[in-house]
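Coordinates from upload35.tsv are shown below (TSV, C-alpha atoms).
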chain	number	residue	atom	x	y	z
A	5	MET	CA	-82.08	29.37	-18.97
A	6	ARG	CA	-83.71	32.64	-19.53
A	7	GLY	CA	-81.52	35.45	-20.90
A	8	SER	CA	-78.63	33.08	-21.34
A	9	HIS	CA	-77.79	32.17	-24.89
A	10	PRO	CA	-75.24	29.38	-25.52
A	11	ALA	CA	-73.38	31.55	-28.04
A	12	THR	CA	-73.00	34.24	-25.40
A	13	HIS	CA	-71.34	31.79	-23.01
A	14	ALA	CA	-69.10	30.47	-25.77
A	15	ASP	CA	-68.14	34.00	-26.83
A	16	SER	CA	-67.43	34.93	-23.21
A	17	PHE	CA	-65.37	31.77	-22.72
A	18	ASN	CA	-63.39	32.39	-25.94
A	19	LEU	CA	-62.78	36.00	-24.95
A	20	HIS	CA	-61.51	34.82	-21.56
A	21	LEU	CA	-59.17	32.29	-23.22
A	22	MET	CA	-57.94	34.93	-25.66
A	23	GLN	CA	-57.28	37.33	-22.78
A	24	GLU	CA	-55.28	34.69	-20.91
A	25	THR	CA	-53.31	33.95	-24.06
A	26	VAL	CA	-52.58	37.64	-24.63
A	27	GLU	CA	-51.52	38.11	-21.02
A	28	ASP	CA	-49.37	34.96	-21.13
A	29	ARG	CA	-47.72	36.06	-24.37
A	30	VAL	CA	-46.96	39.54	-23.05
A	31	CYS	CA	-45.73	38.16	-19.71
A	32	ASP	CA	-43.44	35.70	-21.49
A	33	ALA	CA	-42.06	38.47	-23.69
A	34	TYR	CA	-41.61	40.70	-20.64
A	35	GLU	CA	-39.61	38.04	-18.81
A	36	LYS	CA	-37.39	37.41	-21.84
A	37	GLU	CA	-36.85	40.92	-23.17
A	38	ARG	CA	-37.38	43.51	-20.42
A	39	GLY	CA	-33.70	43.65	-19.44
A	40	THR	CA	-32.59	43.95	-23.04
A	41	ILE	CA	-35.09	46.70	-23.82
A	42	TYR	CA	-34.17	48.57	-20.63
A	43	ARG	CA	-30.41	48.39	-21.35
A	44	TYR	CA	-31.05	49.44	-24.93
A	45	LEU	CA	-32.97	52.54	-23.80
A	46	VAL	CA	-30.28	53.44	-21.26
A	47	SER	CA	-27.60	53.01	-23.92
A	48	LEU	CA	-29.51	55.49	-26.09
A	49	GLY	CA	-29.15	58.09	-23.36
A	50	VAL	CA	-32.48	57.70	-21.62
A	51	GLY	CA	-32.13	58.06	-17.84
A	52	ARG	CA	-32.66	54.96	-15.73
A	53	THR	CA	-36.04	56.01	-14.35
A	54	SER	CA	-37.31	57.05	-17.77
A	55	ALA	CA	-35.93	53.85	-19.29
A	56	GLN	CA	-37.91	51.80	-16.77
A	57	ASP	CA	-41.05	53.77	-17.62
A	58	LEU	CA	-40.50	53.44	-21.37
A	59	THR	CA	-39.78	49.71	-21.03
A	60	GLN	CA	-43.09	49.20	-19.26
A	61	ASP	CA	-44.81	51.43	-21.81
A	62	ALA	CA	-43.45	49.31	-24.68
A	63	PHE	CA	-44.90	46.15	-23.14
A	64	LEU	CA	-48.18	47.88	-22.36
A	65	ARG	CA	-48.40	48.94	-26.00
A	66	MET	CA	-47.71	45.35	-27.01
A	67	TYR	CA	-50.57	44.17	-24.82
A	68	VAL	CA	-52.94	46.78	-26.26
A	69	ALA	CA	-51.88	45.97	-29.82
A	70	ILE	CA	-52.39	42.22	-29.42
A	71	ARG	CA	-55.68	42.79	-27.60
A	72	GLY	CA	-56.73	44.96	-30.53
A	73	GLY	CA	-56.08	42.13	-32.95
A	74	ALA	CA	-52.52	42.87	-34.08
A	75	ASN	CA	-50.58	39.81	-35.17
A	76	ILE	CA	-47.01	40.47	-34.01
A	77	GLN	CA	-44.78	37.97	-35.77
A	78	ASN	CA	-41.39	39.10	-34.41
A	79	VAL	CA	-41.97	40.25	-30.84
A	80	ARG	CA	-38.34	41.27	-30.27
A	81	ALA	CA	-38.20	43.47	-33.38
A	82	TRP	CA	-41.60	44.94	-32.55
A	83	LEU	CA	-40.45	45.84	-29.02
A	84	PHE	CA	-37.25	47.43	-30.32
A	85	THR	CA	-39.31	49.43	-32.81
A	86	VAL	CA	-41.60	50.74	-30.09
A	87	ALA	CA	-38.71	51.40	-27.68
A	88	SER	CA	-36.77	53.28	-30.38
A	89	ARG	CA	-39.73	55.47	-31.17
A	90	LEU	CA	-40.47	56.12	-27.51
A	91	ALA	CA	-36.84	57.11	-26.91
A	92	LEU	CA	-36.75	59.40	-29.93
A	93	ASP	CA	-40.04	61.00	-28.86
A	94	LEU	CA	-38.65	61.56	-25.37
A	95	GLN	CA	-35.48	63.09	-26.81
A	96	ARG	CA	-37.51	65.39	-29.05
A	97	GLU	CA	-39.54	66.55	-26.05
A	98	ALA	CA	-36.44	67.22	-23.99
A	99	ARG	CA	-34.07	68.75	-26.55
A	100	ARG	CA	-33.09	71.52	-24.15
A	101	ARG	CA	-31.99	69.32	-21.27
A	102	PRO	CA	-29.42	66.53	-21.49
A	103	LEU	CA	-30.76	62.98	-21.27
A	104	VAL	CA	-27.52	61.25	-20.33
A	105	HIS	CA	-25.99	61.65	-16.92
A	106	ASP	CA	-22.63	60.21	-15.98
A	107	SER	CA	-24.15	57.30	-14.07
A	108	ASP	CA	-26.96	56.53	-16.54
A	109	ASP	CA	-24.90	54.67	-19.11
A	110	GLU	CA	-23.01	52.43	-16.71
A	111	PRO	CA	-25.05	49.26	-17.51
A	112	MET	CA	-23.81	49.43	-21.09
A	113	PHE	CA	-20.17	49.37	-19.98
A	114	GLU	CA	-20.28	47.72	-16.56
A	115	GLY	CA	-19.05	44.25	-17.55
A	116	ALA	CA	-16.18	45.42	-19.71
A	117	ALA	CA	-13.80	46.50	-16.93
A	118	ALA	CA	-14.89	44.06	-14.24
A	119	GLN	CA	-12.45	41.27	-15.06
A	120	ASN	CA	-9.57	40.27	-12.77
A	121	VAL	CA	-6.65	42.26	-14.14
A	122	SER	CA	-3.76	44.28	-12.79
A	123	PRO	CA	-4.54	47.77	-11.41
A	124	GLU	CA	-2.67	49.36	-14.33
A	125	LEU	CA	-4.65	47.44	-16.92
A	126	ALA	CA	-7.90	48.16	-15.05
A	127	LEU	CA	-7.10	51.89	-15.10
A	128	LEU	CA	-6.31	51.75	-18.83
A	129	ARG	CA	-9.61	49.94	-19.51
A	130	ARG	CA	-11.56	52.48	-17.45
A	131	GLU	CA	-9.97	55.31	-19.43
A	132	GLN	CA	-10.76	53.58	-22.71
A	133	LEU	CA	-14.35	53.00	-21.63
A	134	ALA	CA	-14.68	56.64	-20.57
A	135	GLY	CA	-13.46	57.65	-24.04
A	136	LEU	CA	-15.91	55.27	-25.70
A	137	ARG	CA	-18.74	56.54	-23.47
A	138	ASP	CA	-17.95	60.14	-24.43
A	139	ALA	CA	-17.75	59.22	-28.11
A	140	VAL	CA	-21.12	57.48	-28.03
A	141	ARG	CA	-22.64	60.54	-26.34
A	142	GLN	CA	-21.44	62.69	-29.22
A	143	LEU	CA	-23.36	60.68	-31.82
A	144	SER	CA	-26.68	61.92	-33.14
A	145	PRO	CA	-29.78	60.15	-31.76
A	146	GLN	CA	-30.30	58.39	-35.11
A	147	GLN	CA	-26.68	57.20	-35.19
A	148	ARG	CA	-26.98	55.91	-31.63
A	149	VAL	CA	-30.18	54.03	-32.36
A	150	CYS	CA	-28.72	52.42	-35.48
A	151	LEU	CA	-25.49	51.51	-33.71
A	152	HIS	CA	-27.27	49.95	-30.76
A	153	LEU	CA	-29.74	48.03	-32.88
A	154	ARG	CA	-26.84	46.67	-34.94
A	155	ALA	CA	-25.07	45.70	-31.71
A	156	GLU	CA	-28.25	43.86	-30.69
A	157	GLY	CA	-27.84	41.75	-33.82
A	158	PHE	CA	-30.38	43.37	-36.12
A	159	ARG	CA	-29.50	43.50	-39.81
A	160	TYR	CA	-29.69	46.70	-41.85
A	161	ARG	CA	-33.10	45.79	-43.34
A	162	ALA	CA	-34.56	45.11	-39.87
A	163	ILE	CA	-33.11	48.37	-38.51
A	164	ALA	CA	-34.61	50.22	-41.47
A	165	ASP	CA	-37.99	48.62	-40.78
A	166	ILE	CA	-37.80	49.43	-37.07
A	167	LEU	CA	-36.95	53.08	-37.72
A	168	GLY	CA	-39.15	53.51	-40.78
A	169	VAL	CA	-36.27	54.62	-43.00
A	170	GLY	CA	-34.45	53.18	-46.00
A	171	VAL	CA	-31.54	50.77	-45.84
A	172	PRO	CA	-29.17	53.39	-47.36
A	173	THR	CA	-30.08	55.77	-44.52
A	174	VAL	CA	-29.25	53.10	-41.94
A	175	ALA	CA	-25.97	52.36	-43.72
A	176	GLU	CA	-25.06	56.06	-43.72
A	177	HIS	CA	-25.92	56.51	-40.03
A	178	LEU	CA	-23.80	53.49	-39.15
A	179	ARG	CA	-20.92	54.60	-41.38
A	180	ARG	CA	-20.88	58.06	-39.77
A	181	ALA	CA	-21.22	56.64	-36.26
A	182	LEU	CA	-18.32	54.24	-36.73
A	183	ALA	CA	-16.18	56.93	-38.35
A	184	ARG	CA	-16.88	59.28	-35.43
A	185	LEU	CA	-16.08	56.56	-32.88
A	186	ARG	CA	-12.82	55.72	-34.66
A	187	GLN	CA	-11.90	59.40	-34.82
A	188	VAL	CA	-12.55	60.02	-31.13
A	189	LEU	CA	-10.88	56.82	-29.95
A	190	ASN	CA	-7.76	57.38	-32.09
A	191	GLU	CA	-7.21	60.94	-30.85
Using structure tokens, write down the structure that the file contains.
Amino acid sequence: MRGSHPATHADSFNLHLMQETVEDRVCDAYEKERGTIYRYLVSLGVGRTSAQDLTQDAFLRMYVAIRGGANIQNVRAWLFTVASRLALDLQREARRRPLVHDSDDEPMFEGAAAQNVSPELALLRREQLAGLRDAVRQLSPQQRVCLHLRAEGFRYRAIADILGVGVPTVAEHLRRALARLRQVLNE
């Protein structure tokens, strides 16, 4: 075969297999984590439409990184890192306009008041959730990110790695966030 070298076919075949593997890996991660990443972004104050865009952007960046040879050991942590940075970048760009609208944070709280209870208890829960929602909105972006990553089950060291800060900084953000939440909820 003229112009056809066996190594070229093998390289092309290996590249095709690698591409399928990359696409499969990203698709699997997308199916498992897209809802979690989306809810996380919304809980940070990113609007629903922007959260959908940033979620897709995080997975696109994962695809590009793996295609470029990155060896992502902990996909979940990597996605939270990218999502956190994307959210913080968006918040920096939009400092002048609020990112959270009354309806944007509902997914974070929607299951909490949906149980079969008396109307009085349901009203009390809705009021408590409204207070919690307002308290979370009052946190700094860094405190929110730390609080939500901790709620997702990440340890202080992992949160520090995701945010690119020290463990003491994470501990301080969480301490201040929890103190602020306690203060607001006890008023």
**Study point:** CA of Ala134 in chain A to CA of Leu185 in chain A, straight-line distance in Å
**Key:**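 That distance, rounded to one decimal, is 12.4 Å.
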Neighbouring residues of range 62-76 of chain A were defined as those with any atom within 9 Å, considering all atoms listed in the file; residues of the same chain fewer than 4 positions away were excluded. Please report them as a compact mmCIF listing (two decimals) with C-alpha atoms, keeping the file's coordinate frame.
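Heads up, here's the output in out.txt:
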# COMPACT_ATOMS: atom_id res chain seq x y z
CA MET A 22 -57.94 34.93 -25.66
CA GLN A 23 -57.28 37.33 -22.78
CA VAL A 26 -52.58 37.64 -24.63
CA GLU A 27 -51.52 38.11 -21.02
CA ARG A 29 -47.72 36.06 -24.37
CA VAL A 30 -46.96 39.54 -23.05
CA CYS A 31 -45.73 38.16 -19.71
CA ALA A 33 -42.06 38.47 -23.69
CA TYR A 34 -41.61 40.70 -20.64
CA ARG A 38 -37.38 43.51 -20.42
CA ILE A 41 -35.09 46.70 -23.82
CA ASP A 57 -41.05 53.77 -17.62
CA LEU A 58 -40.50 53.44 -21.37
CA TRP A 82 -41.60 44.94 -32.55
CA LEU A 83 -40.45 45.84 -29.02
CA PHE A 84 -37.25 47.43 -30.32
CA VAL A 86 -41.60 50.74 -30.09
CA ALA A 87 -38.71 51.40 -27.68
CA LEU A 90 -40.47 56.12 -27.51
**Study point:** Residues within 10 Å of (-23.5, 58.0, -35.0), counting all atoms listed in the file, listed as a list of chain:residue names
**Key:**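 Protein and nucleic acid residues near the point are A:Ala139, A:Val140, A:Arg141, A:Gln142, A:Leu143, A:Ser144, A:Pro145, A:Gln146, A:Gln147, A:Arg148, A:Val149, A:Cys150, A:Leu151, A:His152, A:Glu176, A:His177, A:Leu178, A:Arg179, A:Arg180, A:Ala181, A:Leu182, A:Ala183, A:Arg184, A:Leu185.
CA of Glu97 in chain A lies 27.1 Å from CA of Pro172 in chain A.
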Check your understanding: So how far away is CA of Ala55 in chain A from CA of Arg96 in chain A, in Å?
Key ->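 About the pair CA of Arg96 in chain A and CA of Ala55 in chain A: they are 15.2 Å apart.
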Practice item. Determine the nearest neighbour of Ala164 in chain A from the options A:Thr85, A:Gln132, A:Asn78, A:Ser47, counting only C-alpha atoms. Key: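 The answer is A:Thr85, which sits nearest to Ala164 in chain A.
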Exercise for review: Have a look at A:Asp165, A:Glu37, A:Asp138, A:Glu156 and name the one nearest to Val188 in chain A; count only C-alpha atoms.
Suggested key: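 Closest to Val188 in chain A, using only C-alpha atoms: A:Asp138.
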Practice item. Could you check which of A:Gln56, A:Asn190, A:Gln77, A:Thr25 is closest to Gly39 in chain A, using all atoms listed in the file? Key: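 Smallest separation from Gly39 in chain A among the options: A:Gln56.
Counting all atoms listed in the file and comparing A:Arg129, A:Leu136, A:Asp61, A:Val50, the residue that lies closest to Gln95 in chain A is A:Val50.
For the residues A:Gly168, A:Ile163, A:Ser88, A:Arg80, ranking by smallest atom-to-atom distance to Glu35 in chain A using all atoms listed in the file places A:Arg80 first.
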Review point. Of the candidates A:Leu128, A:Ala81, A:Pro123, A:Arg137, which shows the shortest atom-to-atom distance to Phe158 in chain A, using all atoms listed in the file?
Key: A:Ala81
Generate the missing atoms of range 165-179 of chain A up to N, CA and C atoms and report them as a tab-separated table (two decimals), in the frame of the given file.
chain	number	residue	atom	x	y	z
A	165	ASP	N	-36.57	48.85	-41.07
A	165	ASP	CA	-37.99	48.62	-40.78
A	165	ASP	C	-38.38	49.17	-39.41
A	166	ILE	N	-37.52	48.94	-38.42
A	166	ILE	CA	-37.80	49.43	-37.07
A	166	ILE	C	-37.90	50.94	-37.05
A	167	LEU	N	-36.99	51.61	-37.74
A	167	LEU	CA	-36.95	53.08	-37.72
A	167	LEU	C	-37.81	53.74	-38.79
A	168	GLY	N	-38.31	52.95	-39.72
A	168	GLY	CA	-39.15	53.51	-40.78
A	168	GLY	C	-38.35	54.35	-41.77
A	169	VAL	N	-37.12	53.93	-42.04
A	169	VAL	CA	-36.27	54.62	-43.00
A	169	VAL	C	-35.74	53.60	-44.01
A	170	GLY	N	-35.02	54.07	-45.00
A	170	GLY	CA	-34.45	53.18	-46.00
A	170	GLY	C	-33.15	52.56	-45.53
A	171	VAL	N	-32.79	51.45	-46.16
A	171	VAL	CA	-31.54	50.77	-45.84
A	171	VAL	C	-30.34	51.69	-46.08
A	172	PRO	N	-30.31	52.49	-47.17
A	172	PRO	CA	-29.17	53.39	-47.36
A	172	PRO	C	-29.02	54.41	-46.21
A	173	THR	N	-30.13	54.83	-45.65
A	173	THR	CA	-30.08	55.77	-44.52
A	173	THR	C	-29.45	55.10	-43.31
A	174	VAL	N	-29.84	53.86	-43.05
A	174	VAL	CA	-29.25	53.10	-41.94
A	174	VAL	C	-27.75	52.94	-42.18
A	175	ALA	N	-27.39	52.56	-43.39
A	175	ALA	CA	-25.97	52.36	-43.72
A	175	ALA	C	-25.18	53.66	-43.50
A	176	GLU	N	-25.75	54.77	-43.89
A	176	GLU	CA	-25.06	56.06	-43.72
A	176	GLU	C	-24.93	56.43	-42.25
A	177	HIS	N	-25.99	56.23	-41.47
A	177	HIS	CA	-25.92	56.51	-40.03
A	177	HIS	C	-24.84	55.65	-39.37
A	178	LEU	N	-24.80	54.38	-39.73
A	178	LEU	CA	-23.80	53.49	-39.15
A	178	LEU	C	-22.39	53.86	-39.60
A	179	ARG	N	-22.24	54.20	-40.87
A	179	ARG	CA	-20.92	54.60	-41.38
A	179	ARG	C	-20.42	55.83	-40.63
